[in-house]
$ cat my_file11.txt   # compact mmCIF, C-alpha atoms (C1' of nucleotides)
# COMPACT_ATOMS: atom_id res chain seq x y z
CA MET A 1155 -67.40 122.96 38.47
CA ASP A 1156 -67.17 120.12 36.00
CA ALA A 1157 -67.10 117.31 38.54
CA LYS A 1158 -70.38 116.33 37.00
CA ARG A 1159 -68.95 116.13 33.51
CA ILE A 1160 -65.99 114.03 34.64
CA LEU A 1161 -68.15 111.50 36.44
CA LYS A 1162 -70.65 111.45 33.60
CA GLU A 1163 -68.02 110.64 31.01
CA HIS A 1164 -66.46 108.05 33.27
CA ILE A 1165 -69.76 106.21 33.70
CA ALA A 1166 -70.78 106.66 30.08
CA LYS A 1167 -67.78 104.63 28.99
CA ILE A 1168 -69.45 101.57 30.49
CA VAL A 1169 -73.21 102.08 30.68
CA SER A 1170 -75.68 104.60 29.30
CA LEU A 1171 -77.89 106.43 31.71
CA THR A 1172 -80.58 108.94 30.77
CA GLY A 1173 -79.83 112.54 31.73
CA GLU A 1174 -82.38 112.26 34.47
CA GLN A 1175 -80.91 109.04 35.82
CA PHE A 1176 -77.44 110.48 35.85
CA ASP A 1177 -78.59 113.61 37.67
CA TYR A 1178 -80.19 111.42 40.27
CA VAL A 1179 -77.05 109.32 40.63
CA PHE A 1180 -74.86 112.39 40.79
CA SER A 1181 -76.96 113.90 43.56
CA HIS A 1182 -75.65 111.17 45.88
CA PHE A 1183 -72.02 112.16 45.45
CA LYS A 1184 -70.57 114.73 47.83
CA PRO A 1185 -67.68 116.84 46.54
CA GLN A 1186 -64.74 117.27 48.92
CA SER A 1187 -61.39 118.99 48.80
CA TYR A 1188 -58.30 117.80 50.59
CA LYS A 1189 -54.83 119.22 51.06
CA LYS A 1190 -51.61 117.40 50.31
CA GLY A 1191 -50.84 115.02 53.17
CA GLN A 1192 -54.35 115.07 54.58
CA THR A 1193 -55.85 111.80 55.77
CA ILE A 1194 -59.13 110.69 54.24
CA ILE A 1195 -59.40 107.32 55.93
CA GLY A 1196 -57.21 106.52 58.92
CA GLU A 1197 -56.62 103.16 60.55
CA GLY A 1198 -59.38 102.35 63.01
CA ASP A 1199 -61.88 104.77 61.46
CA LYS A 1200 -65.40 103.77 60.64
CA VAL A 1201 -65.50 103.62 56.84
CA ASP A 1202 -68.69 104.49 55.04
CA CYS A 1203 -67.63 106.07 51.79
CA GLU A 1204 -65.66 105.37 48.72
CA TYR A 1205 -63.97 108.16 46.83
CA PHE A 1206 -63.90 109.01 43.15
CA VAL A 1207 -60.89 111.15 42.28
CA LEU A 1208 -61.54 114.26 40.17
CA GLU A 1209 -58.17 115.90 40.57
CA GLY A 1210 -54.92 115.17 42.36
CA CYS A 1211 -53.60 111.85 43.58
CA LEU A 1212 -54.42 109.62 46.54
CA LYS A 1213 -52.76 106.55 47.93
CA SER A 1214 -54.29 103.67 49.84
CA PHE A 1215 -51.83 101.86 52.06
CA TYR A 1216 -51.23 99.59 55.00
CA ILE A 1217 -48.80 100.20 57.85
CA ASN A 1218 -47.43 97.10 59.57
CA ASP A 1219 -46.21 96.64 63.14
CA GLU A 1220 -42.70 97.76 62.25
CA VAL A 1221 -44.25 100.96 60.85
CA LYS A 1222 -43.37 99.98 57.33
CA MET A 1223 -45.73 101.17 54.64
CA PHE A 1224 -47.16 99.09 51.81
CA ILE A 1225 -49.09 100.83 49.07
CA LEU A 1226 -52.08 99.06 47.65
CA GLN A 1227 -53.01 101.64 45.09
CA PHE A 1228 -52.31 105.08 43.74
CA ALA A 1229 -55.56 106.78 42.76
CA MET A 1230 -55.37 109.30 39.94
CA PRO A 1231 -58.31 111.19 38.39
CA THR A 1232 -61.26 108.91 37.50
CA TRP A 1233 -59.97 106.19 39.81
CA TRP A 1234 -61.74 105.02 42.92
CA ALA A 1235 -60.31 104.41 46.36
CA SER A 1236 -61.39 103.24 49.79
CA ASP A 1237 -60.78 100.50 52.31
CA TYR A 1238 -63.10 98.12 50.52
CA ASN A 1239 -62.71 95.39 53.05
CA ALA A 1240 -63.89 97.65 55.87
CA LEU A 1241 -66.50 99.26 53.63
CA TYR A 1242 -68.17 95.97 52.69
CA ASN A 1243 -67.82 94.19 56.00
CA GLY A 1244 -68.65 97.15 58.20
CA THR A 1245 -65.40 96.72 60.12
CA LYS A 1246 -62.93 99.41 61.20
CA ALA A 1247 -60.37 100.57 58.67
CA THR A 1248 -57.07 98.68 58.49
CA ILE A 1249 -56.15 100.50 55.29
CA ASN A 1250 -55.38 104.21 55.19
CA VAL A 1251 -56.20 106.57 52.37
CA ASP A 1252 -54.52 109.96 52.11
CA CYS A 1253 -53.50 112.66 49.67
CA ILE A 1254 -50.20 112.71 47.80
CA THR A 1255 -51.17 116.07 46.29
CA ASP A 1256 -54.03 118.51 46.87
CA SER A 1257 -57.07 116.64 45.66
CA GLN A 1258 -60.70 116.96 44.73
CA VAL A 1259 -62.89 113.92 45.14
CA LEU A 1260 -66.49 112.86 45.00
CA CYS A 1261 -67.58 110.85 47.97
CA LEU A 1262 -70.24 108.14 47.74
CA SER A 1263 -71.52 106.37 50.81
CA SER A 1264 -71.83 102.61 50.77
CA ALA A 1265 -75.50 102.88 51.65
CA ASP A 1266 -76.09 105.17 48.68
CA ARG A 1267 -74.11 102.95 46.37
CA GLU A 1268 -76.23 99.97 47.33
CA LYS A 1269 -79.40 102.02 47.01
CA LEU A 1270 -78.42 103.22 43.53
CA CYS A 1271 -77.39 99.71 42.51
CA SER A 1272 -80.74 98.30 43.47
CA GLU A 1273 -82.76 101.17 42.00
CA ILE A 1274 -80.96 101.35 38.67
CA HIS A 1275 -79.86 98.14 37.03
CA ALA A 1276 -77.32 99.93 34.84
CA VAL A 1277 -75.59 101.33 37.91
CA GLU A 1278 -75.24 97.85 39.35
CA HIS A 1279 -73.74 96.81 36.04
CA PHE A 1280 -71.32 99.69 36.17
CA PHE A 1281 -70.07 98.75 39.61
CA ARG A 1282 -69.77 95.09 38.68
CA TRP A 1283 -67.66 96.08 35.74
CA ARG A 1284 -65.51 98.40 37.82
CA THR A 1285 -64.82 95.82 40.50
CA ASN A 1286 -64.08 93.30 37.84
CA LYS A 1287 -61.41 95.48 36.34
CA GLY A 1288 -59.91 95.98 39.78
CA TYR A 1289 -59.94 92.27 40.42
CA ILE A 1290 -58.17 91.46 37.18
CA ALA A 1291 -55.56 94.17 37.81
CA SER A 1292 -54.99 92.85 41.30
CA GLN A 1293 -54.44 89.31 39.99
CA LYS A 1294 -51.91 90.61 37.51
CA ARG A 1295 -50.06 92.45 40.22
CA LEU A 1296 -50.00 89.33 42.39
CA LEU A 1297 -48.44 87.34 39.58
CA SER A 1298 -45.93 90.05 38.85
CA LEU A 1299 -44.96 90.21 42.51
CA MET A 1300 -44.33 86.47 42.64
CA ASN A 1301 -42.77 86.19 39.23
CA ASN A 1302 -40.64 89.25 38.58
CA ASP A 1303 -37.78 90.89 40.40
CA ALA A 1304 -37.85 94.46 41.62
CA ARG A 1305 -36.30 95.98 38.49
CA HIS A 1306 -38.79 94.29 36.23
CA ARG A 1307 -41.71 95.43 38.38
CA TYR A 1308 -40.39 98.96 38.40
CA GLU A 1309 -40.18 99.07 34.63
CA GLU A 1310 -43.63 97.55 34.35
CA LEU A 1311 -45.10 100.21 36.61
CA MET A 1312 -43.41 103.07 34.78
CA ALA A 1313 -44.56 101.73 31.44
CA LEU A 1314 -48.13 101.40 32.69
CA TYR A 1315 -48.37 104.71 34.54
CA PRO A 1316 -45.59 107.03 33.39
CA ALA A 1317 -47.39 109.96 35.05
CA LEU A 1318 -46.53 108.55 38.47
CA TYR A 1319 -42.84 109.19 37.91
CA ASN A 1320 -43.26 112.95 38.17
CA ILE A 1321 -45.95 113.12 40.80
CA VAL A 1322 -45.03 110.46 43.31
CA PRO A 1323 -41.92 110.45 45.54
CA LYS A 1324 -39.72 107.46 44.84
CA GLN A 1325 -40.05 106.07 48.32
CA LEU A 1326 -43.76 105.68 47.69
CA ILE A 1327 -43.07 103.91 44.44
CA ALA A 1328 -40.80 101.58 46.40
CA ALA A 1329 -43.60 100.98 48.91
CA TYR A 1330 -45.87 100.08 46.02
CA LEU A 1331 -43.38 97.72 44.42
CA GLY A 1332 -42.59 96.01 47.71
CA VAL A 1333 -38.88 96.91 47.89
CA SER A 1334 -36.90 99.22 50.12
CA ARG A 1335 -36.29 102.76 48.87
CA GLU A 1336 -32.55 102.06 48.91
CA THR A 1337 -32.93 99.10 46.58
CA LEU A 1338 -35.14 101.07 44.22
CA SER A 1339 -32.62 103.89 44.15
CA ARG A 1340 -29.82 101.49 43.23
CA LEU A 1341 -31.98 99.89 40.53
CA TYR A 1342 -32.53 102.89 38.32
CA ASN A 1343 -29.04 104.30 38.82
CA SER A 1344 -27.54 101.60 36.62
CA MET B 82 -77.45 64.74 40.71
CA ASP B 83 -77.71 67.62 43.16
CA ALA B 84 -75.64 70.09 41.19
CA LYS B 85 -78.79 72.13 41.11
CA ARG B 86 -79.16 72.16 44.86
CA ILE B 87 -75.54 73.14 45.40
CA LEU B 88 -75.73 76.07 43.01
CA LYS B 89 -79.13 77.09 44.37
CA GLU B 90 -77.88 77.26 47.93
CA HIS B 91 -74.75 79.07 46.85
CA ILE B 92 -76.72 81.79 45.09
CA ALA B 93 -79.40 81.94 47.78
CA LYS B 94 -76.79 83.04 50.29
CA ILE B 95 -76.54 86.33 48.42
CA VAL B 96 -79.73 87.01 46.48
CA SER B 97 -83.18 85.49 46.35
CA LEU B 98 -84.47 84.24 43.05
CA THR B 99 -87.90 82.75 42.44
CA GLY B 100 -87.92 79.01 41.64
CA GLU B 101 -88.68 79.87 38.07
CA GLN B 102 -85.86 82.37 37.82
CA PHE B 103 -83.40 79.94 39.29
CA ASP B 104 -84.47 77.17 36.90
CA TYR B 105 -83.92 79.55 34.06
CA VAL B 106 -80.49 80.55 35.35
CA PHE B 107 -79.54 76.96 35.99
CA SER B 108 -80.47 75.95 32.44
CA HIS B 109 -77.47 77.97 31.22
CA PHE B 110 -74.94 75.94 33.21
CA LYS B 111 -73.43 72.88 31.56
CA PRO B 112 -72.28 70.09 33.89
CA GLN B 113 -68.85 68.60 33.13
CA SER B 114 -66.65 65.95 34.66
CA TYR B 115 -62.89 65.99 34.61
CA LYS B 116 -60.22 63.55 35.70
CA LYS B 117 -57.33 64.36 37.99
CA GLY B 118 -54.65 66.15 36.02
CA GLN B 119 -56.93 67.07 33.15
CA THR B 120 -56.62 70.54 31.65
CA ILE B 121 -59.72 72.71 31.58
CA ILE B 122 -58.12 75.87 30.23
CA GLY B 123 -54.68 75.72 28.64
CA GLU B 124 -52.39 78.61 27.76
CA GLY B 125 -53.30 80.04 24.38
CA ASP B 126 -56.84 78.63 24.39
CA LYS B 127 -59.82 80.73 23.55
CA VAL B 128 -61.63 81.19 26.87
CA ASP B 129 -65.37 81.48 26.89
CA CYS B 130 -66.48 79.91 30.13
CA GLU B 131 -66.07 80.20 33.82
CA TYR B 132 -66.41 77.17 36.06
CA PHE B 133 -68.32 76.62 39.27
CA VAL B 134 -66.88 73.73 41.26
CA LEU B 135 -69.35 71.14 42.58
CA GLU B 136 -66.86 68.52 43.66
CA GLY B 137 -63.11 68.08 43.65
CA CYS B 138 -60.44 70.74 43.43
CA LEU B 139 -59.06 72.87 40.62
CA LYS B 140 -56.11 75.17 40.41
CA SER B 141 -55.60 78.23 38.25
CA PHE B 142 -51.96 79.01 37.57
CA TYR B 143 -49.41 80.75 35.44
CA ILE B 144 -46.25 79.20 34.01
CA ASN B 145 -43.36 81.57 33.37
CA ASP B 146 -40.54 81.37 30.83
CA GLU B 147 -38.39 79.30 33.16
CA VAL B 148 -41.31 76.84 33.42
CA LYS B 149 -41.92 77.78 37.01
CA MET B 150 -45.51 77.57 38.19
CA PHE B 151 -47.38 80.22 40.17
CA ILE B 152 -50.77 79.37 41.56
CA LEU B 153 -53.37 82.09 41.57
CA GLN B 154 -56.12 80.12 43.18
CA PHE B 155 -57.22 76.75 44.44
CA ALA B 156 -60.90 76.22 43.66
CA MET B 157 -62.81 73.98 46.04
CA PRO B 158 -66.55 73.21 45.89
CA THR B 159 -68.72 76.34 45.48
CA TRP B 160 -65.73 78.35 44.26
CA TRP B 161 -65.42 79.76 40.78
CA ALA B 162 -62.45 79.64 38.46
CA SER B 163 -61.38 80.82 35.03
CA ASP B 164 -58.87 83.03 33.30
CA TYR B 165 -60.89 86.15 33.99
CA ASN B 166 -58.56 88.43 32.14
CA ALA B 167 -58.91 86.41 28.95
CA LEU B 168 -62.61 85.87 29.58
CA TYR B 169 -63.46 89.57 29.89
CA ASN B 170 -61.08 90.90 27.26
CA GLY B 171 -61.65 88.17 24.71
CA THR B 172 -57.93 87.43 24.57
CA LYS B 173 -56.19 84.05 24.54
CA ALA B 174 -55.58 82.36 27.88
CA THR B 175 -52.37 83.14 29.71
CA ILE B 176 -53.63 81.38 32.83
CA ASN B 177 -54.18 77.64 32.98
CA VAL B 178 -56.89 75.85 34.91
CA ASP B 179 -56.65 72.15 35.64
CA CYS B 180 -57.77 69.47 38.06
CA ILE B 181 -55.91 68.56 41.23
CA THR B 182 -58.45 65.79 41.86
CA ASP B 183 -61.29 64.31 39.82
CA SER B 184 -63.80 67.11 39.62
CA GLN B 185 -67.36 67.98 38.73
CA VAL B 186 -68.06 71.50 37.59
CA LEU B 187 -70.79 73.62 36.11
CA CYS B 188 -69.71 75.63 33.15
CA LEU B 189 -71.18 79.05 32.33
CA SER B 190 -70.28 80.89 29.17
CA SER B 191 -69.40 84.55 29.36
CA ALA B 192 -72.13 85.36 26.85
CA ASP B 193 -74.70 83.58 29.02
CA ARG B 194 -73.47 85.26 32.16
CA GLU B 195 -73.87 88.66 30.56
CA LYS B 196 -77.26 87.71 29.22
CA LEU B 197 -78.44 86.54 32.64
CA CYS B 198 -76.99 89.62 34.28
CA SER B 199 -78.90 91.92 31.99
CA GLU B 200 -82.13 89.93 32.13
CA ILE B 201 -82.24 89.46 35.89
CA HIS B 202 -81.10 92.29 38.10
CA ALA B 203 -80.56 89.99 41.07
CA VAL B 204 -78.12 87.90 39.04
CA GLU B 205 -76.10 90.98 38.24
CA HIS B 206 -76.08 91.77 41.93
CA PHE B 207 -74.88 88.28 42.71
CA PHE B 208 -71.95 88.54 40.32
CA ARG B 209 -71.02 91.97 41.56
CA TRP B 210 -70.93 90.61 45.06
CA ARG B 211 -68.87 87.59 44.06
CA THR B 212 -66.28 89.62 42.21
CA ASN B 213 -66.13 92.00 45.10
CA LYS B 214 -65.28 89.21 47.50
CA GLY B 215 -62.60 88.03 45.11
CA TYR B 216 -61.17 91.52 44.84
CA ILE B 217 -60.97 91.96 48.58
CA ALA B 218 -59.35 88.56 49.01
CA SER B 219 -56.84 89.36 46.30
CA GLN B 220 -55.89 92.66 47.99
CA LYS B 221 -55.35 90.83 51.25
CA ARG B 222 -53.14 88.32 49.58
CA LEU B 223 -51.12 91.08 47.93
CA LEU B 224 -50.52 92.69 51.29
CA SER B 225 -49.59 89.41 52.88
CA LEU B 226 -47.14 88.68 50.10
CA MET B 227 -45.41 92.02 50.58
CA ASN B 228 -45.62 92.05 54.34
CA ASN B 229 -45.09 88.56 55.66
CA ASP B 230 -42.36 85.99 55.26
CA ALA B 231 -42.95 82.53 53.84
CA ARG B 232 -43.58 80.85 57.19
CA HIS B 233 -46.18 83.40 58.17
CA ARG B 234 -47.95 83.05 54.82
CA TYR B 235 -47.93 79.29 55.15
CA GLU B 236 -49.55 79.40 58.57
CA GLU B 237 -52.08 81.94 57.35
CA LEU B 238 -53.06 79.71 54.45
CA MET B 239 -53.38 76.61 56.61
CA ALA B 240 -55.49 78.50 59.14
CA LEU B 241 -57.77 79.81 56.41
CA TYR B 242 -58.12 76.61 54.39
CA PRO B 243 -57.07 73.64 56.53
CA ALA B 244 -58.68 71.30 54.00
CA LEU B 245 -55.94 72.10 51.50
CA TYR B 246 -53.34 70.40 53.67
CA ASN B 247 -54.73 66.94 52.95
CA ILE B 248 -55.79 67.41 49.36
CA VAL B 249 -53.04 69.45 47.78
CA PRO B 250 -49.41 68.33 47.27
CA LYS B 251 -46.99 70.55 49.12
CA GLN B 252 -45.22 71.68 46.00
CA LEU B 253 -48.48 73.26 44.88
CA ILE B 254 -48.87 74.96 48.21
CA ALA B 255 -45.36 76.32 47.71
CA ALA B 256 -46.33 77.56 44.25
CA TYR B 257 -49.28 79.35 45.81
CA LEU B 258 -47.22 80.92 48.56
CA GLY B 259 -44.53 82.03 46.15
CA VAL B 260 -41.66 80.03 47.63
CA SER B 261 -39.69 77.04 46.40
CA ARG B 262 -40.87 73.58 47.50
CA GLU B 263 -37.51 73.12 49.26
CA THR B 264 -37.98 76.23 51.36
CA LEU B 265 -41.52 75.21 52.27
CA SER B 266 -40.32 71.76 53.30
CA ARG B 267 -37.67 73.29 55.56
CA LEU B 268 -40.23 75.65 57.08
CA TYR B 269 -42.62 73.15 58.56
CA ASN B 270 -39.91 70.70 59.63
CA SER B 271 -38.81 72.98 62.43
C1' DC C 65 -43.99 41.95 41.27
C1' DC C 66 -41.06 45.32 39.42
C1' DA C 67 -40.65 49.71 36.81
C1' DA C 68 -41.40 54.30 36.36
C1' DC C 69 -42.98 58.34 38.02
C1' DT C 70 -44.40 61.79 41.15
C1' DG C 71 -43.75 63.80 45.59
C1' DT C 72 -40.80 64.94 49.42
C1' DG C 73 -36.53 65.72 52.45
C1' DT C 74 -31.86 67.63 53.11
C1' DG C 75 -27.21 69.48 52.39
C1' DA C 76 -24.05 73.04 50.13
C1' DC C 77 -23.83 77.03 48.02
C1' DC C 78 -25.46 81.59 45.87
C1' DT C 79 -28.00 85.97 45.23
C1' DA C 80 -31.42 89.56 45.55
C1' DC C 81 -32.76 92.40 48.61
C1' DA C 82 -33.07 94.27 53.53
C1' DT C 83 -31.06 96.95 57.07
C1' DC C 84 -28.14 100.37 59.14
C1' DA C 85 -25.41 104.35 58.86
C1' DC C 86 -24.26 108.50 57.08
C1' DA C 87 -23.91 112.10 53.38
C1' DT C 88 -26.25 115.13 50.27
C1' DT C 89 -29.83 117.77 48.00
C1' DC C 90 -33.91 120.44 47.90
C1' DA C 91 -37.95 122.70 49.46
C1' DA C 92 -40.83 124.70 52.97
C1' DA C 93 -41.18 127.45 56.95
C1' DA C 94 -39.77 130.90 60.18
C1' DT D 963 -31.88 134.63 54.70
C1' DT D 964 -31.28 130.76 57.72
C1' DT D 965 -33.22 126.62 59.56
C1' DT D 966 -35.53 122.48 59.54
C1' DG D 967 -36.91 118.51 57.64
C1' DA D 968 -38.27 115.69 54.07
C1' DA D 969 -36.47 112.93 50.03
C1' DT D 970 -32.72 110.72 47.93
C1' DG D 971 -28.01 108.47 47.15
C1' DT D 972 -24.44 105.17 48.49
C1' DG D 973 -21.41 102.03 51.12
C1' DA D 974 -20.94 97.95 54.30
C1' DT D 975 -22.94 94.04 55.97
C1' DG D 976 -26.67 90.55 57.08
C1' DT D 977 -30.23 87.09 55.76
C1' DA D 978 -34.30 84.81 53.73
C1' DG D 979 -34.98 82.22 50.39
C1' DG D 980 -33.43 80.39 45.64
C1' DT D 981 -30.93 76.81 43.04
C1' DC D 982 -28.65 72.49 42.26
C1' DA D 983 -27.77 67.92 43.49
C1' DC D 984 -29.03 63.71 45.17
C1' DA D 985 -31.48 60.37 48.28
C1' DC D 986 -35.57 58.24 49.59
C1' DA D 987 -40.41 57.37 49.92
C1' DG D 988 -45.26 56.15 48.05
C1' DT D 989 -48.29 55.14 44.08
C1' DT D 990 -49.68 53.66 39.66
C1' DG D 991 -49.62 50.79 35.95
C1' DG D 992 -47.85 47.11 33.00

$ encode --input "my_file11.txt" --output "structure tokens"
Amino acid sequence: MDAKRILKEHIAKIVSLTGEQFDYVFSHFKPQSYKKGQTIIGEGDKVDCEYFVLEGCLKSFYINDEVKMFILQFAMPTWWASDYNALYNGTKATINVDCITDSQVLCLSSADREKLCSEIHAVEHFFRWRTNKGYIASQKRLLSLMNNDARHRYEELMALYPALYNIVPKQLIAAYLGVSRETLSRLYNS
Amino acid sequence: MDAKRILKEHIAKIVSLTGEQFDYVFSHFKPQSYKKGQTIIGEGDKVDCEYFVLEGCLKSFYINDEVKMFILQFAMPTWWASDYNALYNGTKATINVDCITDSQVLCLSSADREKLCSEIHAVEHFFRWRTNKGYIASQKRLLSLMNNDARHRYEELMALYPALYNIVPKQLIAAYLGVSRETLSRLYNS
DNA sequence: CCAACTGTGTGACCTACATCACATTCAAAA
DNA sequence: TTTTGAATGTGATGTAGGTCACACAGTTGG
């Protein structure tokens, strides 16, 4: 199992922890395996973990009243996913997280994250940095959504994450871009 | 001048600092005054500060090739604004920040923020928390943009920040919602 | 006081994208 | 192998919202 190595390298890109510190941090992560299609967080659930992807691919998404799906994020290896709103506010999940492919994740409870953040300054720094990156990416996506048409957004996404093209069904890509699957289909067949 | 009190109370909501610590933190903030319409960050500028609003109202926005404006954020008192992408990556500004009304702000350089974060654990915690809130808000806005029509988004915004209605010209509200000013006008006259 | 500008309303038209309906392909399950 | 059901393609049609054009405030400044 090299879950440990993957997480270690991921964290080491941002902050340096001693071997001992990292072992301690790592001891709070619970490995889990999920099958393709399996739900990790379902609407209405109590949310107390966030998930670090080791292998596979997750999606976090919202389903509206007309049962239409909107994808907030695809989570590939070394990405994090959860319903952060529910996680931080202690409310029930409104966002779902499930598996696009068979996946291996490390699960960290919110309580443990806060404990680690307060015990080890560098860990707090790491999580600040991570959230920051997410925030900036989210702002960019907002702008792109307002500014660019569907074709442009599609090309942007494919340029940024070409791997998605092979792994993720096109209707999910449409749900991420905020267009219907029919429109997306017409876009790239021309 | 009670800039100090305003910042103190703002931070105290999240973390507790000793009087001494706070004085030290505060000494890194530079007060500035701006007139209505004045530019704080312009496209192409080198960005090295973020701004904490004491009084007045700022907007952060992007202008596209067709000279159309998209507003990322309105910043009212106790809110923060900057081009965070440029600030964290050391690139030139692509986002503008300017004043909707005469404004008073406290300016904190990125270097000082990082220094304070590394010197005082609680400050790092504060900034993690702040960014986290921003991230969650940004996700919500993304979903709303994909999910809801213009009228719904308008009502949502007015419910969340009724103060904006009086302070901010409607064309700016339109630029925030991602609709044309004409469409917005038609929406609330019916 | 008038000029100039900035903000807002409203009509006529246009377009990107949604929706619905059905056909087709492909993969999993029985 | 056959069956079932996802995932995709494609046509016909509807609609929210964009764009352009112009009229009419309300404010600011000379």

$ closest_residue --input "my_file11.txt" --among "B:Met239, B:Ile95, B:Ala192, B:Ala231" --to "chain D" --atoms "all atoms listed in the file"
B:Ala231

$ residues_around --input "my_file11.txt" --residues "D:DT990" --least-positions-apart "3" --cutoff "10 Å" --atoms "only C-alpha atoms (C1' of nucleotides)" --output "list in words"
DA68, DC69 and DT70 of chain C

$ atom_distance --input "my_file11.txt" --atom1 "atom CA of A:Leu1311" --atom2 "atom CA of A:Pro1231"
17.3 Å

$ interface_residues --input "my_file11.txt" --of "chain D" --to "chain A" --cutoff "10 Å" --atoms "all atoms listed in the file" --output "list in words"
DA969, DT970, DG971 and DT972 of chain D

$ atom_distance --input "my_file11.txt" --atom1 "atom CA of A:Tyr1242" --atom2 "atom CA of A:Thr1285"
12.6 Å

$ closest_atom_pairs --input "my_file11.txt" --of "chain C" --to "chain B" --cutoff "9 Å" --atoms "all atoms listed in the file" --output "CSV"
residue,atom,partner,partner_atom,distance
C:DG71,C1',B:Pro250,CA,7.4
C:DT72,C1',B:Ser266,CA,7.9
C:DG73,C1',B:Ser266,CA,7.2
C:DT74,C1',B:Arg267,CA,8.5

$ closest_atom_pairs --input "my_file11.txt" --of "chain B" --to "chain A" --cutoff "10 Å" --atoms "all atoms listed in the file" --output "CSV"
residue,atom,partner,partner_atom,distance
B:Phe142,CA,A:Leu1297,CA,9.3
B:Tyr143,CA,A:Leu1297,CA,7.8
B:Ile144,CA,A:Asn1301,CA,9.4
B:Asn145,CA,A:Asn1301,CA,7.5
B:Asp146,CA,A:Asn1301,CA,9.9
B:Lys149,CA,A:Asn1301,CA,8.7
B:Met150,CA,A:Asn1301,CA,9.1
B:Phe151,CA,A:Leu1297,CA,7.2
B:Ile152,CA,A:Leu1297,CA,8.5
B:Leu153,CA,A:Gln1293,CA,7.5
B:Gln154,CA,A:Gln1293,CA,9.9
B:Asp164,CA,A:Ile1290,CA,9.3
B:Tyr165,CA,A:Ile1290,CA,6.8
B:Asn166,CA,A:Ile1290,CA,5.9
B:Ala167,CA,A:Ile1290,CA,9.7
B:Tyr169,CA,A:Asn1286,CA,8.8
B:Glu195,CA,A:His1279,CA,9.8
B:Cys198,CA,A:His1279,CA,8.1
B:Ser199,CA,A:His1275,CA,8.1
B:Glu200,CA,A:His1275,CA,9.8
B:Ile201,CA,A:His1275,CA,9.1
B:His202,CA,A:His1275,CA,6.1
B:Ala203,CA,A:Ser1272,CA,8.7
B:Glu205,CA,A:His1279,CA,6.7
B:His206,CA,A:Glu1278,CA,6.7
B:Phe207,CA,A:Arg1282,CA,9.4
B:Phe208,CA,A:Arg1282,CA,7.1
B:Arg209,CA,A:Arg1282,CA,4.4
B:Trp210,CA,A:Arg1282,CA,7.9
B:Arg211,CA,A:Arg1282,CA,9.3
B:Thr212,CA,A:Asn1286,CA,6.1
B:Asn213,CA,A:Thr1285,CA,6.1
B:Lys214,CA,A:Asn1239,CA,8.7
B:Gly215,CA,A:Tyr1289,CA,6.9
B:Tyr216,CA,A:Tyr1289,CA,4.6
B:Ile217,CA,A:Asn1239,CA,5.9
B:Ala218,CA,A:Asn1239,CA,8.6
B:Ser219,CA,A:Ser1292,CA,6.4
B:Gln220,CA,A:Ser1292,CA,6.8
B:Lys221,CA,A:Asn1239,CA,8.8
B:Arg222,CA,A:Leu1296,CA,7.9
B:Leu223,CA,A:Leu1296,CA,5.9
B:Leu224,CA,A:Phe1224,CA,7.2
B:Leu226,CA,A:Leu1299,CA,8.0
B:Met227,CA,A:Gly1332,CA,5.7
B:Asn228,CA,A:Asn1218,CA,7.5
B:Asn229,CA,A:Asn1218,CA,9.7
B:Ala256,CA,A:Met1300,CA,9.3
B:Tyr257,CA,A:Met1300,CA,9.2
B:Leu258,CA,A:Met1300,CA,8.6
B:Gly259,CA,A:Met1300,CA,5.7
B:Val260,CA,A:Met1300,CA,8.6

$ atom_distance --input "my_file11.txt" --atom1 "atom C1' of C:DA82" --atom2 "atom CA of A:Asn1250"
24.5 Å

$ residues_around --input "my_file11.txt" --residues "D:DT966" --least-positions-apart "6" --cutoff "12 Å" --atoms "all atoms listed in the file" --output "PyMOL selection string"
chain C and resi 90-94

$ residues_around --input "my_file11.txt" --residues "A:Leu1241" --least-positions-apart "4" --cutoff "9 Å" --atoms "only C-alpha atoms (C1' of nucleotides)" --output "list in words"
Lys1200, Val1201, Asp1202, Cys1203, Glu1204, Ser1236, Asp1237, Thr1245, Lys1246, Ala1247 and Ser1264 of chain A
